[in-house]
$ cat work_4.pdb   # PDB, C-alpha atoms
ATOM      1  CA  MET A   1      18.253   2.711 -10.416  1.00  0.00           C
ATOM      2  CA  ALA A   2      18.588   0.373  -7.439  1.00  0.00           C
ATOM      3  CA  LYS A   3      21.896  -1.461  -7.222  1.00  0.00           C
ATOM      4  CA  THR A   4      22.956  -5.018  -6.507  1.00  0.00           C
ATOM      5  CA  GLU A   5      25.471  -5.692  -3.729  1.00  0.00           C
ATOM      6  CA  ASP A   6      28.270  -6.085  -6.308  1.00  0.00           C
ATOM      7  CA  GLU A   7      27.388  -2.714  -7.795  1.00  0.00           C
ATOM      8  CA  VAL A   8      27.467  -1.145  -4.324  1.00  0.00           C
ATOM      9  CA  LYS A   9      30.929  -2.621  -3.739  1.00  0.00           C
ATOM     10  CA  ALA A  10      32.165  -1.302  -7.087  1.00  0.00           C
ATOM     11  CA  TYR A  11      30.768   2.160  -6.291  1.00  0.00           C
ATOM     12  CA  VAL A  12      32.507   2.265  -2.902  1.00  0.00           C
ATOM     13  CA  LEU A  13      35.840   1.114  -4.328  1.00  0.00           C
ATOM     14  CA  ARG A  14      35.667   3.747  -7.083  1.00  0.00           C
ATOM     15  CA  ARG A  15      35.033   6.439  -4.486  1.00  0.00           C
ATOM     16  CA  LEU A  16      38.097   5.236  -2.600  1.00  0.00           C
ATOM     17  CA  GLY A  17      40.230   5.538  -5.737  1.00  0.00           C
ATOM     18  CA  SER A  18      40.092   2.072  -7.256  1.00  0.00           C
ATOM     19  CA  GLY A  19      41.196   2.087 -10.888  1.00  0.00           C
ATOM     20  CA  ILE A  20      43.863   4.691 -10.165  1.00  0.00           C
ATOM     21  CA  VAL A  21      45.425   3.466  -6.916  1.00  0.00           C
ATOM     22  CA  ASP A  22      45.391   0.195  -4.996  1.00  0.00           C
ATOM     23  CA  VAL A  23      42.612   0.557  -2.414  1.00  0.00           C
ATOM     24  CA  GLU A  24      43.799  -2.474  -0.417  1.00  0.00           C
ATOM     25  CA  LEU A  25      40.384  -3.760   0.641  1.00  0.00           C
ATOM     26  CA  THR A  26      39.808  -7.421  -0.229  1.00  0.00           C
ATOM     27  CA  ASP A  27      36.568  -8.912  -1.495  1.00  0.00           C
ATOM     28  CA  ASP A  28      35.934 -10.440   1.936  1.00  0.00           C
ATOM     29  CA  GLN A  29      36.483  -7.082   3.619  1.00  0.00           C
ATOM     30  CA  MET A  30      34.114  -5.403   1.185  1.00  0.00           C
ATOM     31  CA  GLY A  31      31.585  -8.127   1.990  1.00  0.00           C
ATOM     32  CA  ASP A  32      31.946  -7.185   5.658  1.00  0.00           C
ATOM     33  CA  VAL A  33      31.319  -3.541   4.745  1.00  0.00           C
ATOM     34  CA  ILE A  34      28.080  -4.447   2.947  1.00  0.00           C
ATOM     35  CA  ASP A  35      26.922  -6.668   5.822  1.00  0.00           C
ATOM     36  CA  ASP A  36      27.632  -3.893   8.347  1.00  0.00           C
ATOM     37  CA  THR A  37      25.731  -1.408   6.195  1.00  0.00           C
ATOM     38  CA  LYS A  38      22.715  -3.709   5.878  1.00  0.00           C
ATOM     39  CA  ARG A  39      22.646  -4.210   9.663  1.00  0.00           C
ATOM     40  CA  TRP A  40      22.796  -0.455  10.228  1.00  0.00           C
ATOM     41  CA  PHE A  41      20.082   0.238   7.688  1.00  0.00           C
ATOM     42  CA  GLY A  42      17.862  -2.519   9.048  1.00  0.00           C
ATOM     43  CA  PHE A  43      18.241  -1.348  12.648  1.00  0.00           C
ATOM     44  CA  ARG A  44      18.010   2.394  12.070  1.00  0.00           C
ATOM     45  CA  LEU A  45      15.557   2.521   9.155  1.00  0.00           C
ATOM     46  CA  GLY A  46      14.181  -0.806   7.983  1.00  0.00           C
ATOM     47  CA  GLN A  47      12.526  -1.567   4.670  1.00  0.00           C
ATOM     48  CA  LYS A  48       8.826  -1.672   3.853  1.00  0.00           C
ATOM     49  CA  ARG A  49       7.542  -4.620   1.870  1.00  0.00           C
ATOM     50  CA  VAL A  50       4.328  -6.412   1.026  1.00  0.00           C
ATOM     51  CA  ILE A  51       4.705 -10.167   1.473  1.00  0.00           C
ATOM     52  CA  GLN A  52       2.366 -12.932   0.352  1.00  0.00           C
ATOM     53  CA  ILE A  53       1.258 -15.597   2.827  1.00  0.00           C
ATOM     54  CA  PRO A  54      -0.828 -18.632   1.776  1.00  0.00           C
ATOM     55  CA  LEU A  55      -4.097 -18.886   3.691  1.00  0.00           C
ATOM     56  CA  THR A  56      -5.298 -22.063   5.313  1.00  0.00           C
ATOM     57  CA  THR A  57      -8.767 -22.627   6.723  1.00  0.00           C
ATOM     58  CA  ALA A  58      -7.304 -24.731   9.553  1.00  0.00           C
ATOM     59  CA  THR A  59      -5.835 -21.803  11.514  1.00  0.00           C
ATOM     60  CA  ASN A  60      -6.051 -18.080  12.129  1.00  0.00           C
ATOM     61  CA  VAL A  61      -2.471 -17.757  13.491  1.00  0.00           C
ATOM     62  CA  TYR A  62       0.432 -17.193  11.100  1.00  0.00           C
ATOM     63  CA  ILE A  63       4.096 -17.080  12.199  1.00  0.00           C
ATOM     64  CA  LEU A  64       6.070 -14.371  10.379  1.00  0.00           C
ATOM     65  CA  GLU A  65       9.798 -14.318   9.720  1.00  0.00           C
ATOM     66  CA  PRO A  66      12.160 -13.002  12.465  1.00  0.00           C
ATOM     67  CA  ASP A  67      13.113  -9.971  10.355  1.00  0.00           C
ATOM     68  CA  VAL A  68       9.554  -8.542  10.495  1.00  0.00           C
ATOM     69  CA  THR A  69       9.451  -5.734  13.043  1.00  0.00           C
ATOM     70  CA  GLU A  70       5.965  -4.383  12.407  1.00  0.00           C
ATOM     71  CA  VAL A  71       2.789  -5.269  10.531  1.00  0.00           C
ATOM     72  CA  LEU A  72       1.078  -2.280   8.952  1.00  0.00           C
ATOM     73  CA  GLN A  73      -1.875  -3.728   7.037  1.00  0.00           C
ATOM     74  CA  VAL A  74      -3.402  -7.057   6.128  1.00  0.00           C
ATOM     75  CA  PHE A  75      -5.292  -7.635   2.875  1.00  0.00           C
ATOM     76  CA  LEU A  76      -7.339 -10.794   2.391  1.00  0.00           C
ATOM     77  CA  PRO A  77      -8.701 -11.971  -0.967  1.00  0.00           C
ATOM     78  CA  SER A  78     -12.321 -11.058  -1.631  1.00  0.00           C
ATOM     79  CA  ALA A  79     -15.065 -13.597  -1.099  1.00  0.00           C
ATOM     80  CA  HIS A  80     -18.627 -13.255  -2.357  1.00  0.00           C
ATOM     81  CA  PHE A  81     -21.873 -15.123  -2.030  1.00  0.00           C
ATOM     82  CA  PRO A  82     -22.948 -16.850  -5.241  1.00  0.00           C
ATOM     83  CA  ALA A  83     -25.401 -15.035  -7.498  1.00  0.00           C
ATOM     84  CA  VAL A  84     -25.083 -11.727  -5.676  1.00  0.00           C
ATOM     85  CA  ASP A  85     -27.219  -9.005  -7.270  1.00  0.00           C
ATOM     86  CA  THR A  86     -26.049  -5.508  -8.048  1.00  0.00           C
ATOM     87  CA  ASP A  87     -26.844  -3.975  -4.675  1.00  0.00           C
ATOM     88  CA  ASP A  88     -27.532  -4.919  -1.062  1.00  0.00           C
ATOM     89  CA  PHE A  89     -31.282  -4.410  -1.335  1.00  0.00           C
ATOM     90  CA  SER A  90     -31.829  -6.633  -4.358  1.00  0.00           C
ATOM     91  CA  TYR A  91     -29.421  -9.179  -2.872  1.00  0.00           C
ATOM     92  CA  THR A  92     -31.189  -9.167   0.489  1.00  0.00           C
ATOM     93  CA  TYR A  93     -34.701  -9.563  -0.743  1.00  0.00           C
ATOM     94  CA  SER A  94     -34.554 -11.440  -4.016  1.00  0.00           C
ATOM     95  CA  LEU A  95     -31.891 -13.978  -3.073  1.00  0.00           C
ATOM     96  CA  LEU A  96     -32.409 -14.616   0.626  1.00  0.00           C
ATOM     97  CA  PHE A  97     -35.873 -13.470   1.614  1.00  0.00           C
ATOM     98  CA  GLY A  98     -38.050 -13.225  -1.433  1.00  0.00           C
ATOM     99  CA  GLN A  99     -39.558 -10.050  -2.851  1.00  0.00           C
ATOM    100  CA  TRP A 100     -40.306  -6.893  -0.878  1.00  0.00           C
ATOM    101  CA  ARG A 101     -43.944  -7.288  -1.954  1.00  0.00           C
ATOM    102  CA  SER A 102     -45.410 -10.662  -2.770  1.00  0.00           C
ATOM    103  CA  PRO A 103     -48.347 -10.539  -5.181  1.00  0.00           C
ATOM    104  CA  GLY A 104     -51.452  -9.581  -3.228  1.00  0.00           C
ATOM    105  CA  ALA A 105     -49.578  -9.361   0.076  1.00  0.00           C
ATOM    106  CA  SER A 106     -48.945  -6.414   2.395  1.00  0.00           C
ATOM    107  CA  PRO A 107     -45.539  -4.723   2.457  1.00  0.00           C
ATOM    108  CA  MET A 108     -42.918  -6.242   4.768  1.00  0.00           C
ATOM    109  CA  PRO A 109     -42.985  -4.636   8.255  1.00  0.00           C
ATOM    110  CA  TYR A 110     -40.160  -2.192   8.944  1.00  0.00           C
ATOM    111  CA  SER A 111     -38.934  -4.243  11.915  1.00  0.00           C
ATOM    112  CA  ASP A 112     -38.575  -7.244   9.639  1.00  0.00           C
ATOM    113  CA  LEU A 113     -36.654  -5.113   7.176  1.00  0.00           C
ATOM    114  CA  VAL A 114     -34.220  -3.991   9.908  1.00  0.00           C
ATOM    115  CA  GLN A 115     -33.622  -7.574  11.028  1.00  0.00           C
ATOM    116  CA  ARG A 116     -32.889  -8.675   7.485  1.00  0.00           C
ATOM    117  CA  LEU A 117     -30.441  -5.814   6.952  1.00  0.00           C
ATOM    118  CA  GLN A 118     -28.706  -6.715  10.209  1.00  0.00           C
ATOM    119  CA  TYR A 119     -28.465 -10.310   9.041  1.00  0.00           C
ATOM    120  CA  LEU A 120     -26.917  -9.201   5.756  1.00  0.00           C
ATOM    121  CA  SER A 121     -24.402  -6.985   7.567  1.00  0.00           C
ATOM    122  CA  MET A 122     -23.354  -9.833   9.843  1.00  0.00           C
ATOM    123  CA  SER A 123     -23.097 -12.242   6.909  1.00  0.00           C
ATOM    124  CA  LYS A 124     -20.821  -9.857   5.055  1.00  0.00           C
ATOM    125  CA  LYS A 125     -18.532  -9.609   8.090  1.00  0.00           C
ATOM    126  CA  ILE A 126     -18.323 -13.378   8.371  1.00  0.00           C
ATOM    127  CA  PHE A 127     -17.871 -14.246   4.717  1.00  0.00           C
ATOM    128  CA  SER A 128     -16.133 -11.215   3.305  1.00  0.00           C
ATOM    129  CA  ALA A 129     -12.482 -10.191   3.589  1.00  0.00           C
ATOM    130  CA  ASP A 130     -13.136  -7.747   6.456  1.00  0.00           C
ATOM    131  CA  ARG A 131     -11.196  -9.008   9.455  1.00  0.00           C
ATOM    132  CA  GLU A 132      -9.553  -7.772  12.609  1.00  0.00           C
ATOM    133  CA  TRP A 133      -5.894  -8.642  13.083  1.00  0.00           C
ATOM    134  CA  ASN A 134      -3.142  -8.312  15.651  1.00  0.00           C
ATOM    135  CA  TYR A 135       0.629  -8.865  15.463  1.00  0.00           C
ATOM    136  CA  ASN A 136       2.673  -9.963  18.493  1.00  0.00           C
ATOM    137  CA  ARG A 137       6.286  -9.044  17.806  1.00  0.00           C
ATOM    138  CA  ASP A 138       7.601 -11.191  20.677  1.00  0.00           C
ATOM    139  CA  THR A 139       6.012 -14.402  19.403  1.00  0.00           C
ATOM    140  CA  ARG A 140       5.939 -13.285  15.732  1.00  0.00           C
ATOM    141  CA  GLU A 141       2.291 -14.365  15.580  1.00  0.00           C
ATOM    142  CA  LEU A 142      -0.131 -12.654  13.203  1.00  0.00           C
ATOM    143  CA  LEU A 143      -3.662 -13.337  14.460  1.00  0.00           C
ATOM    144  CA  ILE A 144      -6.581 -12.989  12.007  1.00  0.00           C
ATOM    145  CA  MET A 145     -10.016 -12.703  13.616  1.00  0.00           C
ATOM    146  CA  PRO A 146     -12.296 -14.428  12.774  1.00  0.00           C
ATOM    147  CA  ARG A 147     -10.491 -17.283  11.049  1.00  0.00           C
ATOM    148  CA  PRO A 148     -10.593 -16.834   7.253  1.00  0.00           C
ATOM    149  CA  SER A 149     -12.919 -19.237   5.478  1.00  0.00           C
ATOM    150  CA  ILE A 150     -11.460 -18.492   2.056  1.00  0.00           C
ATOM    151  CA  VAL A 151      -8.405 -19.761   0.210  1.00  0.00           C
ATOM    152  CA  GLY A 152      -5.674 -17.919  -1.629  1.00  0.00           C
ATOM    153  CA  ASN A 153      -2.886 -15.605  -0.533  1.00  0.00           C
ATOM    154  CA  MET A 154      -3.187 -12.697   1.856  1.00  0.00           C
ATOM    155  CA  LEU A 155      -0.970  -9.648   1.377  1.00  0.00           C
ATOM    156  CA  VAL A 156       0.731  -8.357   4.515  1.00  0.00           C
ATOM    157  CA  GLU A 157       2.391  -4.945   4.514  1.00  0.00           C
ATOM    158  CA  VAL A 158       5.333  -5.063   6.925  1.00  0.00           C
ATOM    159  CA  TRP A 159       8.497  -3.336   8.076  1.00  0.00           C
ATOM    160  CA  THR A 160      11.466  -5.675   7.848  1.00  0.00           C
ATOM    161  CA  GLN A 161      15.136  -5.671   8.842  1.00  0.00           C
ATOM    162  CA  ASP A 162      15.982  -7.958   5.911  1.00  0.00           C
ATOM    163  CA  ILE A 163      17.522  -5.367   3.619  1.00  0.00           C
ATOM    164  CA  ASP A 164      17.714  -5.819  -0.158  1.00  0.00           C
ATOM    165  CA  PRO A 165      19.468  -2.926  -1.978  1.00  0.00           C
ATOM    166  CA  ARG A 166      17.849  -3.983  -5.266  1.00  0.00           C
ATOM    167  CA  GLN A 167      14.505  -2.770  -3.932  1.00  0.00           C
ATOM    168  CA  PHE A 168      15.597   0.681  -2.813  1.00  0.00           C
ATOM    169  CA  GLY A 169      14.055   3.892  -3.979  1.00  0.00           C
ATOM    170  CA  PRO A 170      16.385   6.829  -4.746  1.00  0.00           C
ATOM    171  CA  GLU A 171      16.415   8.220  -1.195  1.00  0.00           C
ATOM    172  CA  ASP A 172      17.004   4.839   0.416  1.00  0.00           C
ATOM    173  CA  GLU A 173      19.781   4.058  -2.055  1.00  0.00           C
ATOM    174  CA  ASN A 174      21.496   7.370  -1.318  1.00  0.00           C
ATOM    175  CA  LEU A 175      21.574   6.694   2.421  1.00  0.00           C
ATOM    176  CA  PHE A 176      22.777   3.128   1.891  1.00  0.00           C
ATOM    177  CA  LEU A 177      25.623   4.136  -0.443  1.00  0.00           C
ATOM    178  CA  ARG A 178      26.737   6.955   1.839  1.00  0.00           C
ATOM    179  CA  TYR A 179      26.916   4.673   4.854  1.00  0.00           C
ATOM    180  CA  ALA A 180      28.702   1.928   2.883  1.00  0.00           C
ATOM    181  CA  LEU A 181      31.340   4.456   1.782  1.00  0.00           C
ATOM    182  CA  ALA A 182      31.759   5.756   5.340  1.00  0.00           C
ATOM    183  CA  GLN A 183      32.057   2.211   6.662  1.00  0.00           C
ATOM    184  CA  ALA A 184      34.686   1.361   4.035  1.00  0.00           C
ATOM    185  CA  LYS A 185      36.681   4.479   4.946  1.00  0.00           C
ATOM    186  CA  GLU A 186      36.557   3.498   8.604  1.00  0.00           C
ATOM    187  CA  PHE A 187      37.607  -0.061   7.795  1.00  0.00           C
ATOM    188  CA  LEU A 188      40.474   1.062   5.548  1.00  0.00           C
ATOM    189  CA  GLY A 189      41.473   3.851   7.935  1.00  0.00           C
ATOM    190  CA  GLU A 190      41.811   1.458  10.854  1.00  0.00           C
ATOM    191  CA  ILE A 191      44.064  -0.784   8.773  1.00  0.00           C
ATOM    192  CA  ARG A 192      46.264   2.035   7.464  1.00  0.00           C
ATOM    193  CA  ASN A 193      46.415   3.751  10.831  1.00  0.00           C
ATOM    194  CA  LYS A 194      48.499   0.874  12.176  1.00  0.00           C
ATOM    195  CA  TRP A 195      51.508   2.324  10.327  1.00  0.00           C
ATOM    196  CA  ASP A 196      52.751   5.895  10.139  1.00  0.00           C
ATOM    197  CA  SER A 197      54.350   5.269   6.766  1.00  0.00           C
ATOM    198  CA  MET A 198      55.232   2.552   4.282  1.00  0.00           C
ATOM    199  CA  PRO A 199      58.640   2.099   2.639  1.00  0.00           C
ATOM    200  CA  MET A 200      58.484   2.841  -1.085  1.00  0.00           C
ATOM    201  CA  VAL A 201      61.044   3.048  -3.906  1.00  0.00           C
ATOM    202  CA  GLY A 202      61.309   6.808  -3.612  1.00  0.00           C
ATOM    203  CA  GLY A 203      61.340   6.795   0.187  1.00  0.00           C
ATOM    204  CA  ASP A 204      58.808   6.300   2.939  1.00  0.00           C
ATOM    205  CA  LYS A 205      55.246   7.230   1.990  1.00  0.00           C
ATOM    206  CA  GLY A 206      52.828   8.492   4.624  1.00  0.00           C
ATOM    207  CA  LEU A 207      49.419   6.796   4.871  1.00  0.00           C
ATOM    208  CA  ASN A 208      46.114   8.617   5.263  1.00  0.00           C
ATOM    209  CA  GLY A 209      44.579   6.393   7.948  1.00  0.00           C
ATOM    210  CA  GLU A 210      43.703   9.193  10.351  1.00  0.00           C
ATOM    211  CA  ARG A 211      42.132  11.303   7.609  1.00  0.00           C
ATOM    212  CA  LEU A 212      39.978   8.371   6.474  1.00  0.00           C
ATOM    213  CA  LEU A 213      38.812   7.780  10.040  1.00  0.00           C
ATOM    214  CA  GLU A 214      37.909  11.445  10.454  1.00  0.00           C
ATOM    215  CA  GLU A 215      35.972  11.481   7.171  1.00  0.00           C
ATOM    216  CA  ALA A 216      34.114   8.340   8.251  1.00  0.00           C
ATOM    217  CA  ARG A 217      33.170   9.876  11.612  1.00  0.00           C
ATOM    218  CA  THR A 218      31.928  13.072   9.974  1.00  0.00           C
ATOM    219  CA  SER A 219      29.883  11.183   7.382  1.00  0.00           C
ATOM    220  CA  LYS A 220      28.242   8.917   9.975  1.00  0.00           C
ATOM    221  CA  GLU A 221      27.347  11.856  12.203  1.00  0.00           C
ATOM    222  CA  GLN A 222      25.607  13.553   9.262  1.00  0.00           C
ATOM    223  CA  LEU A 223      23.846  10.321   8.330  1.00  0.00           C
ATOM    224  CA  GLU A 224      22.382   9.997  11.813  1.00  0.00           C
ATOM    225  CA  LYS A 225      20.936  13.490  11.418  1.00  0.00           C
ATOM    226  CA  ASP A 226      19.567  12.733   7.970  1.00  0.00           C
ATOM    227  CA  VAL A 227      17.873   9.569   9.241  1.00  0.00           C
ATOM    228  CA  ILE A 228      15.589  11.710  11.402  1.00  0.00           C
ATOM    229  CA  ASN A 229      14.167  13.386   8.285  1.00  0.00           C
ATOM    230  CA  TRP A 230      14.031  10.205   6.248  1.00  0.00           C
ATOM    231  CA  ARG A 231      10.727   9.614   4.490  1.00  0.00           C
ATOM    232  CA  ARG A 232       9.751   6.003   4.234  1.00  0.00           C
ATOM    233  CA  ALA A 233       9.466   4.627   0.728  1.00  0.00           C
ATOM    234  CA  SER A 234       6.594   2.780  -0.919  1.00  0.00           C
ATOM    235  CA  PRO A 235       6.489  -0.990  -0.441  1.00  0.00           C
ATOM    236  CA  LEU A 236       7.311  -3.691  -2.956  1.00  0.00           C
ATOM    237  CA  ILE A 237       5.456  -7.005  -3.300  1.00  0.00           C
ATOM    238  CA  MET A 238       7.572 -10.056  -2.511  1.00  0.00           C
ATOM    239  CA  GLY A 239       6.987 -13.780  -2.429  1.00  0.00           C
TER     240      GLY A 239
END
$ encode --input "work_4.pdb" --output "structure tokens"
Amino acid sequence: MAKTEDEVKAYVLRRLGSGIVDVELTDDQMGDVIDDTKRWFGFRLGQKRVIQIPLTTATNVYILEPDVTEVLQVFLPSAHFPAVDTDDFSYTYSLLFGQWRSPGASPMPYSDLVQRLQYLSMSKKIFSADREWNYNRDTRELLIMPRPSIVGNMLVEVWTQDIDPRQFGPEDENLFLRYALAQAKEFLGEIRNKWDSMPMVGGDKGLNGERLLEEARTSKEQLEKDVINWRRASPLIMG
């Protein structure tokens, strides 16, 4: 099950020994750990989502949020002519051009038939949801060509650096938790490494700062290797 940020913090603190010993990381420091982990995950992996964008007939250019790094697919709502018959042939001849054979008349010439089919094909391209699109990452502009003449919301499948742990699949969650734990060990290790020992009632007690730093380095090195084999998860619909 995907975790909230508070649940991630609780998991990391438990792995560091919280509940048995004083871990010595404050809530603010744990917030920094989560923020660092989200930045790492967003930069190294990213998260796939499907966002909803309201269509307007006044423009074919849509500015996406700064966190969007790539647009994968664009889905526009369907649009149909009124009173469309069950197939292209009945639609073409009965609705737009009359019957294939009028009573007592000769069959329609083949050249006329081809022209009418071409007209239907072009009409479907203009009025249906089939569009070309292009995304400029520098300007964050999503260009839909030709301009949609329909209303509603289009669905845009994107890669984003805006990371939400609540939407992780199992593999994503595993990588996120592992990096958060490594980052917390590094954070705590740097703090504890400032002192060789701490005076206690029974005498000076050595701190494990260097060991925590070494564990953090080892974990992060393995994570960078695992990222190469990471399989991207299925998207979630947002908005």
$ residues_around --input "work_4.pdb" --residues "Lys185 of chain A" --least-positions-apart "5" --cutoff "9 Å" --atoms "all atoms listed in the file" --output "JSON, numbers by chain"
{"A": [16, 180, 190, 209, 212, 213, 214, 215, 216]}
$ write_last_selection --input "work_4.pdb" --atoms "C-alpha atoms" --output "short mmCIF file (atom, residue, chain, number, x, y, z; two decimals), keeping the file's coordinate frame"
data_model
loop_
_atom_site.label_atom_id
_atom_site.label_comp_id
_atom_site.auth_asym_id
_atom_site.auth_seq_id
_atom_site.Cartn_x
_atom_site.Cartn_y
_atom_site.Cartn_z
CA LEU A 16 38.10 5.24 -2.60
CA ALA A 180 28.70 1.93 2.88
CA GLU A 190 41.81 1.46 10.85
CA GLY A 209 44.58 6.39 7.95
CA LEU A 212 39.98 8.37 6.47
CA LEU A 213 38.81 7.78 10.04
CA GLU A 214 37.91 11.44 10.45
CA GLU A 215 35.97 11.48 7.17
CA ALA A 216 34.11 8.34 8.25
#
$ resolve_selection --input "work_4.pdb" --expression "the PyMOL selection byres ((chain A and resi 58-70) around 6)" --output "list in words"
Thr56, Thr57, Val71, Arg140, Glu141, Leu142, Leu143, Ile144, Arg147, Val158, Trp159, Thr160, Gln161 and Asp162 of chain A
$ write_last_selection --input "work_4.pdb" --atoms "C-alpha atoms" --output "compact mmCIF listing (two decimals), in the coordinates of the input"
# COMPACT_ATOMS: atom_id res chain seq x y z
CA THR A 56 -5.30 -22.06 5.31
CA THR A 57 -8.77 -22.63 6.72
CA VAL A 71 2.79 -5.27 10.53
CA ARG A 140 5.94 -13.28 15.73
CA GLU A 141 2.29 -14.36 15.58
CA LEU A 142 -0.13 -12.65 13.20
CA LEU A 143 -3.66 -13.34 14.46
CA ILE A 144 -6.58 -12.99 12.01
CA ARG A 147 -10.49 -17.28 11.05
CA VAL A 158 5.33 -5.06 6.92
CA TRP A 159 8.50 -3.34 8.08
CA THR A 160 11.47 -5.68 7.85
CA GLN A 161 15.14 -5.67 8.84
CA ASP A 162 15.98 -7.96 5.91
$ closest_residue --input "work_4.pdb" --among "A:Phe168, A:Tyr11, A:Phe41, A:Phe75" --to "Leu155 of chain A" --atoms "only C-alpha atoms"
A:Phe75
$ closest_residue --input "work_4.pdb" --among "A:Leu223, A:Ile150, A:Leu188, A:Ile20" --to "Phe176 of chain A" --atoms "all atoms listed in the file"
A:Leu223
$ atom_distance --input "work_4.pdb" --atom1 "atom CA of Thr37 of chain A" --atom2 "atom CA of Ile191 of chain A"
18.5 Å
$ residues_near_point --input "work_4.pdb" --point "(18.9, -4.2, -0.7)" --cutoff "8 Å" --atoms "only C-alpha atoms" --output "PyMOL selection string"
chain A and resi 3-5+38+163-168
$ closest_residue --input "work_4.pdb" --among "A:Val151, A:Ala184, A:Ile228, A:Val33" --to "Arg15 of chain A" --atoms "all atoms listed in the file"
A:Ala184
$ atom_distance --input "work_4.pdb" --atom1 "atom CA of Gly31 of chain A" --atom2 "atom CA of Leu13 of chain A"
12.0 Å
$ resolve_selection --input "work_4.pdb" --expression "the PyMOL selection byres ((chain A and resi 54) around 8)" --output "number ranges by chain"
A: 52-53, 55-56, 151-154
$ closest_residue --input "work_4.pdb" --among "A:Phe187, A:Pro77, A:Asp172, A:Arg211" --to "Gly46 of chain A" --atoms "all atoms listed in the file"
A:Asp172
$ atom_distance --input "work_4.pdb" --atom1 "atom CA of Arg178 of chain A" --atom2 "atom CA of Asp226 of chain A"
11.1 Å
$ axis_aligned_box --input "work_4.pdb" --around "segment 31-39 of chain A" --padding-each-side "6 Å" --output "AutoDock Vina command-line options"
--center_x 27.3 --center_y -4.8 --center_z 5.8 --size_x 21.3 --size_y 18.7 --size_z 19.7
$ closest_residue --input "work_4.pdb" --among "A:Ser149, A:Gln183, A:Asn193, A:Gln73" --to "Asn134 of chain A" --atoms "only C-alpha atoms"
A:Gln73
